[in-house]
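Undergrad: Handing over coords_9.cif, mmCIF, C-alpha atoms.
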```cif
data_query
#
loop_
_atom_site.label_atom_id
_atom_site.label_comp_id
_atom_site.auth_asym_id
_atom_site.auth_seq_id
_atom_site.Cartn_x
_atom_site.Cartn_y
_atom_site.Cartn_z
CA MET A 3 0.00 0.00 0.00
CA PRO A 4 1.54 3.35 -0.99
CA PRO A 5 1.88 6.10 1.62
CA THR A 6 -0.80 8.20 -0.11
CA ALA A 7 -3.36 5.58 0.96
CA TYR A 8 -2.76 6.32 4.66
CA ALA A 9 -4.59 8.80 6.87
CA CYS A 10 -1.84 11.38 6.40
CA ASP A 11 1.38 11.85 4.45
CA LEU A 12 4.76 13.52 4.88
CA ALA A 13 3.43 16.81 3.51
CA SER A 14 0.67 16.94 6.13
CA ILE A 15 3.19 16.19 8.89
CA ARG A 16 5.47 18.98 7.66
CA ALA A 17 2.45 21.31 7.55
CA ALA A 18 1.55 20.28 11.11
CA ALA A 19 5.10 21.03 12.25
CA GLU A 20 4.84 24.55 10.85
CA ARG A 21 1.35 25.03 12.32
CA ILE A 22 2.25 24.04 15.89
CA LYS A 23 5.87 25.21 16.12
CA ASP A 24 5.16 28.33 18.17
CA ILE A 25 2.95 26.46 20.66
CA VAL A 26 4.55 23.09 21.43
CA HIS A 27 8.02 22.54 22.84
CA ARG A 28 10.83 21.32 20.61
CA THR A 29 11.93 18.67 23.08
CA PRO A 30 15.58 17.77 23.66
CA VAL A 31 17.37 14.62 22.53
CA VAL A 32 19.53 13.08 25.25
CA THR A 33 21.97 10.18 25.48
CA SER A 34 23.34 7.92 28.21
CA GLY A 35 26.70 6.18 27.96
CA THR A 36 25.60 3.59 30.51
CA PHE A 37 22.43 2.82 28.56
CA ASP A 38 24.49 2.54 25.37
CA ARG A 39 26.67 -0.10 27.01
CA LEU A 40 23.63 -2.03 28.20
CA ALA A 41 22.01 -1.83 24.76
CA GLY A 42 25.18 -2.55 22.79
CA ARG A 43 24.67 0.44 20.46
CA ARG A 44 24.23 4.21 20.44
CA VAL A 45 20.78 5.25 21.65
CA TYR A 46 19.15 8.68 21.30
CA PHE A 47 16.12 9.56 23.43
CA LYS A 48 13.52 12.07 22.20
CA CYS A 49 12.22 13.49 25.48
CA GLU A 50 8.50 13.98 24.96
CA ASN A 51 8.13 13.49 28.72
CA LEU A 52 9.30 17.13 28.79
CA GLN A 53 6.58 18.24 26.34
CA LYS A 54 3.75 20.48 27.55
CA VAL A 55 1.23 18.35 29.51
CA GLY A 56 4.08 15.86 29.91
CA ALA A 57 3.40 13.87 26.75
CA PHE A 58 3.68 13.77 22.95
CA LYS A 59 -0.11 13.92 22.80
CA TYR A 60 0.00 17.72 22.90
CA ARG A 61 1.34 17.75 19.35
CA GLY A 62 -1.62 15.93 17.81
CA ALA A 63 -4.22 17.70 19.93
CA THR A 64 -2.81 21.12 19.06
CA ASN A 65 -2.67 20.35 15.34
CA ALA A 66 -6.25 19.06 15.31
CA ILE A 67 -7.65 22.05 17.21
CA LEU A 68 -5.78 24.60 15.10
CA LYS A 69 -7.27 23.06 11.96
CA LEU A 70 -10.85 23.61 13.14
CA THR A 71 -12.80 26.44 11.49
CA ASP A 72 -13.87 29.29 13.75
CA ALA A 73 -17.45 28.00 13.66
CA GLN A 74 -16.37 24.50 14.66
CA ALA A 75 -14.04 25.78 17.35
CA ALA A 76 -16.75 27.92 18.95
CA ARG A 77 -18.74 24.76 19.76
CA GLY A 78 -15.74 23.14 21.41
CA VAL A 79 -14.18 19.69 21.24
CA VAL A 80 -14.93 16.29 22.76
CA THR A 81 -12.70 13.31 23.41
CA HIS A 82 -12.44 10.17 25.50
CA SER A 83 -9.07 9.37 27.03
CA SER A 84 -7.51 7.70 30.06
CA GLY A 85 -5.20 10.62 30.60
CA ASN A 86 -2.55 12.12 28.35
CA HIS A 87 -4.73 12.94 25.34
CA ALA A 88 -7.35 14.29 27.74
CA GLN A 89 -4.80 16.69 29.22
CA ALA A 90 -3.46 17.59 25.79
CA LEU A 91 -6.85 18.41 24.32
CA ALA A 92 -7.89 20.39 27.42
CA LEU A 93 -4.78 22.58 27.24
CA ALA A 94 -4.91 22.99 23.45
CA ALA A 95 -8.55 24.04 23.76
CA ARG A 96 -7.70 26.53 26.50
CA VAL A 97 -4.97 28.04 24.33
CA ARG A 98 -7.51 28.59 21.54
CA GLY A 99 -10.15 29.74 24.05
CA ILE A 100 -12.75 27.06 23.37
CA PRO A 101 -14.56 24.46 25.54
CA ALA A 102 -13.20 20.94 25.96
CA TYR A 103 -15.50 18.11 27.05
CA ILE A 104 -13.46 15.16 28.28
CA VAL A 105 -14.73 11.62 28.94
CA MET A 106 -12.45 9.77 31.35
CA PRO A 107 -12.77 6.32 32.93
CA ARG A 108 -13.29 6.43 36.69
CA THR A 109 -10.08 4.41 37.05
CA ALA A 110 -7.85 6.99 35.34
CA PRO A 111 -4.83 8.03 37.45
CA SER A 112 -5.68 10.83 39.87
CA VAL A 113 -2.72 12.91 38.66
CA LYS A 114 -4.19 12.91 35.14
CA LYS A 115 -7.71 13.75 36.34
CA ALA A 116 -6.34 16.70 38.32
CA ALA A 117 -4.35 17.92 35.32
CA VAL A 118 -7.38 17.85 32.99
CA GLU A 119 -9.38 19.87 35.52
CA GLY A 120 -6.46 22.26 35.95
CA TYR A 121 -6.40 22.92 32.20
CA GLY A 122 -10.11 23.74 32.25
CA GLY A 123 -11.46 20.51 30.77
CA LYS A 124 -15.05 19.60 31.67
CA ILE A 125 -14.83 15.94 32.76
CA THR A 126 -17.55 13.31 32.38
CA PHE A 127 -16.62 10.07 34.15
CA CYS A 128 -17.59 6.66 32.79
CA GLU A 129 -16.97 2.98 33.36
CA PRO A 130 -13.50 1.75 32.27
CA THR A 131 -14.58 0.15 28.99
CA LEU A 132 -14.14 1.35 25.42
CA ALA A 133 -17.87 0.99 24.79
CA ALA A 134 -18.71 3.22 27.78
CA ARG A 135 -16.16 5.82 26.70
CA GLU A 136 -17.42 5.95 23.12
CA GLU A 137 -21.08 6.10 24.22
CA ALA A 138 -20.43 9.00 26.60
CA ALA A 139 -18.43 10.88 23.97
CA ALA A 140 -21.14 10.41 21.34
CA ARG A 141 -23.73 11.73 23.79
CA LEU A 142 -21.65 14.86 24.45
CA VAL A 143 -21.20 15.50 20.73
CA LYS A 144 -24.98 15.31 20.28
CA GLU A 145 -25.68 17.58 23.27
CA THR A 146 -23.06 20.25 22.56
CA GLY A 147 -22.41 20.15 18.81
CA ALA A 148 -18.70 19.93 19.63
CA THR A 149 -16.19 18.21 17.33
CA LEU A 150 -14.96 14.76 18.33
CA ILE A 151 -11.17 14.51 18.35
CA PRO A 152 -10.32 10.92 19.29
CA PRO A 153 -7.05 10.07 21.03
CA PHE A 154 -5.28 8.46 18.06
CA ASP A 155 -7.48 7.44 15.11
CA HIS A 156 -7.66 10.86 13.43
CA PRO A 157 -5.61 12.19 10.48
CA ASP A 158 -4.69 15.49 12.16
CA VAL A 159 -3.74 13.76 15.41
CA ILE A 160 -1.51 11.28 13.57
CA ALA A 161 0.12 14.10 11.61
CA GLY A 162 0.80 16.06 14.78
CA GLN A 163 2.42 13.09 16.50
CA GLY A 164 4.73 12.58 13.54
CA THR A 165 6.30 16.01 14.03
CA ALA A 166 8.48 14.67 16.86
CA ALA A 167 10.10 12.23 14.44
CA LEU A 168 10.93 15.10 12.06
CA GLU A 169 12.68 16.91 14.90
CA LEU A 170 14.61 13.81 15.96
CA LEU A 171 15.91 13.21 12.44
CA GLU A 172 16.90 16.86 12.10
CA ASP A 173 18.98 16.46 15.27
CA VAL A 174 20.29 12.94 14.52
CA PRO A 175 19.98 12.38 10.74
CA ASP A 176 22.07 9.20 10.61
CA LEU A 177 19.79 6.97 12.69
CA ASP A 178 19.47 3.39 11.48
CA ALA A 179 16.22 2.68 13.32
CA VAL A 180 13.58 4.06 15.67
CA VAL A 181 11.63 2.18 18.34
CA VAL A 182 8.19 3.50 19.29
CA GLN A 183 5.72 2.14 21.84
CA VAL A 184 2.24 1.18 20.63
CA GLY A 185 -1.09 1.88 22.30
CA GLY A 186 -3.71 3.16 19.89
CA GLY A 187 -1.00 3.58 17.27
CA GLY A 188 -1.27 7.32 16.56
CA GLN A 189 2.31 7.97 17.57
CA ILE A 190 3.94 5.06 15.74
CA ALA A 191 1.83 5.72 12.61
CA GLY A 192 2.95 9.34 12.53
CA TRP A 193 6.55 8.34 13.20
CA CYS A 194 6.51 5.75 10.41
CA ILE A 195 5.22 8.20 7.83
CA ALA A 196 7.56 10.98 8.94
CA ALA A 197 10.73 8.95 9.48
CA ARG A 198 10.42 6.82 6.36
CA GLY A 199 9.33 9.83 4.35
CA VAL A 200 12.53 11.65 5.32
CA LYS A 201 14.79 8.60 5.21
CA SER A 202 13.42 5.62 3.31
CA SER A 203 16.06 3.23 4.64
CA ILE A 204 15.25 3.75 8.32
CA ARG A 205 13.82 0.75 10.15
CA VAL A 206 10.82 1.19 12.44
CA PHE A 207 10.10 -1.14 15.34
CA GLY A 208 7.16 -1.12 17.71
CA SER A 209 7.16 -2.04 21.39
CA GLU A 210 4.32 -3.24 23.60
CA PRO A 211 3.72 -4.64 27.07
CA ALA A 212 3.27 -8.41 26.97
CA GLY A 213 -0.04 -7.91 28.77
CA ALA A 214 -1.39 -5.56 26.07
CA ASP A 215 0.04 -7.01 22.88
CA ASP A 216 -2.69 -6.58 20.27
CA ALA A 217 -0.32 -4.98 17.73
CA ALA A 218 2.19 -7.82 18.12
CA ARG A 219 -0.57 -10.42 17.71
CA SER A 220 -1.98 -8.54 14.73
CA LYS A 221 1.43 -8.37 13.04
CA ALA A 222 2.02 -12.07 13.66
CA LYS A 223 -1.34 -13.04 12.15
CA GLY A 224 -1.36 -10.42 9.41
CA GLU A 225 -4.77 -9.08 10.33
CA TRP A 226 -6.18 -6.49 12.70
CA LEU A 227 -6.97 -8.04 16.09
CA PRO A 228 -8.57 -6.12 18.96
CA GLN A 229 -7.16 -5.78 22.45
CA THR A 230 -8.53 -8.44 24.83
CA SER A 231 -8.45 -8.02 28.62
CA PRO A 232 -5.22 -6.00 28.73
CA SER A 233 -3.29 -5.97 32.00
CA THR A 234 -0.08 -3.99 32.44
CA ILE A 235 1.56 -1.31 34.56
CA ALA A 236 1.74 0.77 31.34
CA ASP A 237 -1.74 2.27 31.68
CA GLY A 238 -1.35 4.49 28.60
CA LEU A 239 -1.06 1.45 26.30
CA LEU A 240 -4.24 -0.43 27.22
CA THR A 241 -6.20 0.45 24.07
CA SER A 242 -6.38 -1.25 20.69
CA THR A 243 -4.91 0.10 17.47
CA GLY A 244 -7.38 1.83 15.16
CA GLU A 245 -8.74 1.66 11.64
CA LEU A 246 -6.39 4.43 10.51
CA THR A 247 -3.31 3.41 12.50
CA TRP A 248 -3.32 -0.35 11.91
CA PRO A 249 -2.61 -0.19 8.12
CA VAL A 250 0.53 1.88 8.75
CA ILE A 251 1.71 -0.54 11.44
CA ARG A 252 0.91 -3.49 9.18
CA ASP A 253 2.90 -2.11 6.24
CA GLN A 254 5.68 0.01 7.73
CA VAL A 255 6.66 -1.50 11.10
CA GLU A 256 9.27 -4.24 10.81
CA ARG A 257 8.50 -5.99 14.09
CA ILE A 258 6.71 -5.48 17.41
CA ILE A 259 8.80 -6.38 20.46
CA THR A 260 6.97 -7.17 23.70
CA VAL A 261 8.32 -6.57 27.19
CA THR A 262 7.19 -7.72 30.63
CA ASP A 263 6.03 -5.42 33.39
CA ASP A 264 9.19 -6.30 35.31
CA GLU A 265 11.28 -5.15 32.34
CA ILE A 266 9.25 -1.95 32.20
CA ARG A 267 9.80 -1.33 35.92
CA SER A 268 13.53 -1.95 35.78
CA THR A 269 13.95 0.33 32.75
CA MET A 270 11.85 3.03 34.38
CA ARG A 271 13.98 2.83 37.51
CA PHE A 272 17.18 3.10 35.47
CA VAL A 273 15.87 6.17 33.65
CA TRP A 274 14.88 7.84 36.91
CA GLU A 275 18.04 6.97 38.84
CA ARG A 276 20.74 7.16 36.18
CA MET A 277 19.36 9.55 33.55
CA LYS A 278 17.57 11.79 36.10
CA LEU A 279 14.39 11.88 33.99
CA VAL A 280 10.85 11.23 35.22
CA VAL A 281 9.16 8.98 32.66
CA GLU A 282 5.92 7.05 33.17
CA PRO A 283 5.70 3.26 32.63
CA SER A 284 4.14 3.62 29.17
CA GLY A 285 6.86 6.08 28.22
CA VAL A 286 9.78 3.65 28.73
CA VAL A 287 8.38 0.65 26.85
CA GLY A 288 10.48 1.48 23.78
CA ALA A 289 13.62 1.76 25.88
CA ALA A 290 12.82 -1.55 27.57
CA ALA A 291 12.47 -3.20 24.14
CA VAL A 292 15.93 -2.00 23.08
CA LEU A 293 17.42 -3.78 26.11
CA THR A 294 15.86 -7.15 25.23
CA GLU A 295 17.97 -9.95 23.78
CA GLU A 296 15.59 -10.01 20.81
CA PHE A 297 16.51 -6.46 19.83
CA LYS A 298 20.20 -6.86 20.66
CA ARG A 299 20.36 -9.62 18.03
CA MET A 300 19.18 -7.22 15.31
CA GLU A 301 21.99 -6.68 12.81
CA GLY A 302 22.82 -3.50 10.95
CA ILE A 303 21.66 -1.11 13.69
CA THR A 304 24.38 1.12 15.12
CA LYS A 305 22.29 4.15 16.08
CA VAL A 306 18.69 3.90 17.28
CA GLY A 307 16.19 6.56 18.28
CA ILE A 308 13.65 6.08 21.08
CA VAL A 309 10.84 8.32 22.27
CA PHE A 310 10.18 8.87 25.97
CA SER A 311 6.50 9.42 25.26
CA GLY A 312 5.21 10.64 28.62
CA GLY A 313 6.20 11.74 32.10
CA ASN A 314 2.90 11.76 33.99
CA VAL A 315 3.34 9.67 37.11
CA SER A 316 1.58 9.63 40.44
CA LEU A 317 4.06 10.00 43.25
CA ASP A 318 1.59 8.13 45.47
CA LYS A 319 2.14 4.96 43.44
CA HIS A 320 4.80 2.47 44.49
CA TYR A 321 6.00 1.57 41.00
CA TRP A 322 8.87 -0.56 42.19
#
```
Do you think you could lay out the structure here as structure tokens?
TA:
Amino acid sequence: MPPTAYACDLASIRAAAERIKDIVHRTPVVTSGTFDRLAGRRVYFKCENLQKVGAFKYRGATNAILKLTDAQAARGVVTHSSGNHAQALALAARVRGIPAYIVMPRTAPSVKKAAVEGYGGKITFCEPTLAAREEAAARLVKETGATLIPPFDHPDVIAGQGTAALELLEDVPDLDAVVVQVGGGGQIAGWCIAARGVKSSIRVFGSEPAGADDAARSKAKGEWLPQTSPSTIADGLLTSTGELTWPVIRDQVERIITVTDDEIRSTMRFVWERMKLVVEPSGVVGAAAVLTEEFKRMEGITKVGIVFSGGNVSLDKHYW
């Protein structure tokens, strides 16, 4: 399937980068000699944990909201999200001065609920199921006339997420591969289109918790499989890939590497203690994958890029 068949293309990602450049942070790229030794290669970390709202999600939310017409914007936006997209959309809406109606599961981390409220989002709580989230969001759209901006399966969201990959390759143009964690797939879809659009030879790998491995199972079977009873410490990766994100993963991602919750915890602890960066469990899944024996056996990869996708943690949780 050619890139033009996907939800967005390199041109739309470049346009998104120009559109959001004065609003989002251009996040730093950091390295760790100790991590390099553990991984057996040079590793470059794109620190989206230092993005506004503490996650890459602000890129896609900002791009989507800036593309609304004035008439659409006046009615506000709606989404359903367990946390980071909810925060991102609430802040992006506040920046444009429009309402944001956010559906969140009752089980969402308290730190993320508080952040959404702090950004001015109007929260509707629901049961922690996709069906409940979608039903509540549809009801809000009907009641308010607001525009639904889902957390990942949206062309403008995917394009916005891909802008981080453009920045990484501007800073480190000779990367051989990138490793991106997979939840709904908006980030990895955007990264695939951006990275391979800029450098066709670059290899793209996905990473998932073993307890939420729908993308890995889908890749193995060659067809789109939904998430079933996910269970992992990486709460941001509990959702299934989408209709728009799965085709990109199917065609452009070389392999999905799964990691255990213990591997996620140990990587997270290393990043906190040795790299002095606060990254949430979901945000280190790509780094954990690079430390696996499976990835270490990959040939032809000297320099690899990883995204620290979020830094929203509750200090009341005993992650270790």
Undergrad: Apply the PyMOL selection byres ((chain A and resi 110) around 10) to the displayed file and report the matching residues as a list in words.
TA: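 So the PyMOL selection byres ((chain A and resi 110) around 10) ends up selecting Ser83, Ser84, Gly85, Met106, Pro107, Arg108, Thr109, Pro111, Ser112, Val113, Lys114, Lys115, Phe127, Pro130, Asp237 and Gly238 of chain A.
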Undergrad: Could you tell me, as a ChimeraX atom specification, exactly which residues end up selected when the PyMOL selection byres ((chain A and resi 81) around 9) is applied to this structure?
TA: /A:79-80,82-83,87-88,91,102-106,135-136,139,149-153
Undergrad: Set the distance at 6 Å and use only C-alpha atoms: which residues neighbour segment 249-258 of chain A once local chain neighbours fewer than 2 positions away are removed? I'd like the list as number ranges by chain.
TA: A: 191, 206-209, 218, 247
Undergrad: Please report the interatomic distance between atom CA of Glu137 of chain A and atom CA of Arg61 of chain A in Å with one decimal.
TA: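 Value for the atom CA of Glu137 of chain A-atom CA of Arg61 of chain A distance: 25.7 Å.
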Undergrad: Rank A:Ala197, A:Ala217, A:Ala13, A:Val280 by their smallest atom-to-atom distance to Leu317 of chain A, using only C-alpha atoms, and report the top residue only.
TA: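 Smallest separation from Leu317 of chain A among the options: A:Val280.
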Undergrad: List the residues matched by the PyMOL selection byres ((chain A and resi 154) around 8) in the displayed structure as a ChimeraX atom specification, ordered by chain and then by residue number.
TA: /A:152-153,155-156,159-160,186-189,244,247
Undergrad: Atom CA of Ala95 of chain A and atom CA of Lys54 of chain A are how many Å apart?
TA: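 Taking atom CA of Ala95 of chain A as the start and atom CA of Lys54 of chain A as the end point, the length is 13.4 Å.
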Undergrad: Residues within 9 Å of segment 171-181 of chain A, please, as a list in words. Count all atoms listed in the file; anything in the same chain fewer than 6 positions from it doesn't count.
TA: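 Surrounding residues, per the criterion: Val31, Tyr46, Ile190, Trp193, Cys194, Ala197, Val200, Lys201, Ser203, Ile204, Arg205, Val206, Phe207, Gly208, Ser209, Gly288, Ala289, Ala291, Val292, Gly302, Ile303, Thr304, Lys305, Val306, Gly307, Ile308 and Val309 of chain A.
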Undergrad: Quick one: of A:Asp38, A:Glu282, A:Glu50, A:Asp263, who's nearest to Leu170 of chain A, counting all atoms listed in the file?
TA: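 Ranked by minimum distance to Leu170 of chain A, first place goes to A:Glu50.
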Undergrad: Using atom CA of Lys144 of chain A and atom CA of Arg77 of chain A as the two end points, give the distance in Å to one decimal.
TA: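 Pair atom CA of Lys144 of chain A / atom CA of Arg77 of chain A returns 11.3 Å.
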Undergrad: For a quick check of your reading of the model, name the residues lying within 12 Å of the coordinate (-3.2, -8.3, 23.1), counting all atoms listed in the file, and write them as an MDAnalysis selection string.
TA: chainID A and resid 184:186 210:222 226:234 239:243 258 260
Undergrad: Rank A:Leu12, A:Val32, A:Ala167, A:Ala17 by their smallest atom-to-atom distance to Leu279 of chain A, using all atoms listed in the file, and report the top residue only.
TA: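 Counting all atoms listed in the file, the residue closest to Leu279 of chain A is A:Val32.
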Undergrad: Between A:Ala117, A:Ile235, A:Arg198, A:Leu52, which one has atoms that come closest to Lys319 of chain A, using all atoms listed in the file?
TA: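 So, comparing all the options, the nearest one is A:Ile235.
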Undergrad: Using N, CA and C atoms, give me segment 135-147 of chain A from the structure I just pasted, as a compact mmCIF listing (two decimals), in the first residue's frame.
TA:
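Result file follows (out_35.txt):
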```
# COMPACT_ATOMS: atom_id res chain seq x y z
N ARG A 135 -16.82 4.58 27.09
CA ARG A 135 -16.16 5.82 26.70
C ARG A 135 -16.76 6.37 25.41
N GLU A 136 -16.91 5.51 24.42
CA GLU A 136 -17.42 5.95 23.12
C GLU A 136 -18.87 6.42 23.23
N GLU A 137 -19.67 5.72 24.04
CA GLU A 137 -21.08 6.10 24.22
C GLU A 137 -21.18 7.48 24.87
N ALA A 138 -20.39 7.71 25.91
CA ALA A 138 -20.43 9.00 26.60
C ALA A 138 -19.96 10.13 25.68
N ALA A 139 -18.92 9.85 24.89
CA ALA A 139 -18.43 10.88 23.97
C ALA A 139 -19.47 11.20 22.90
N ALA A 140 -20.11 10.19 22.36
CA ALA A 140 -21.14 10.41 21.34
C ALA A 140 -22.30 11.23 21.91
N ARG A 141 -22.65 10.98 23.15
CA ARG A 141 -23.73 11.73 23.79
C ARG A 141 -23.35 13.21 23.93
N LEU A 142 -22.10 13.47 24.31
CA LEU A 142 -21.65 14.86 24.45
C LEU A 142 -21.62 15.59 23.11
N VAL A 143 -21.20 14.89 22.07
CA VAL A 143 -21.20 15.50 20.73
C VAL A 143 -22.62 15.91 20.34
N LYS A 144 -23.59 15.03 20.61
CA LYS A 144 -24.98 15.31 20.28
C LYS A 144 -25.52 16.48 21.09
N GLU A 145 -25.16 16.53 22.37
CA GLU A 145 -25.68 17.58 23.27
C GLU A 145 -25.06 18.95 23.00
N THR A 146 -23.79 18.97 22.64
CA THR A 146 -23.06 20.25 22.56
C THR A 146 -22.78 20.72 21.13
N GLY A 147 -22.79 19.80 20.17
CA GLY A 147 -22.41 20.15 18.81
C GLY A 147 -20.90 20.27 18.64
```
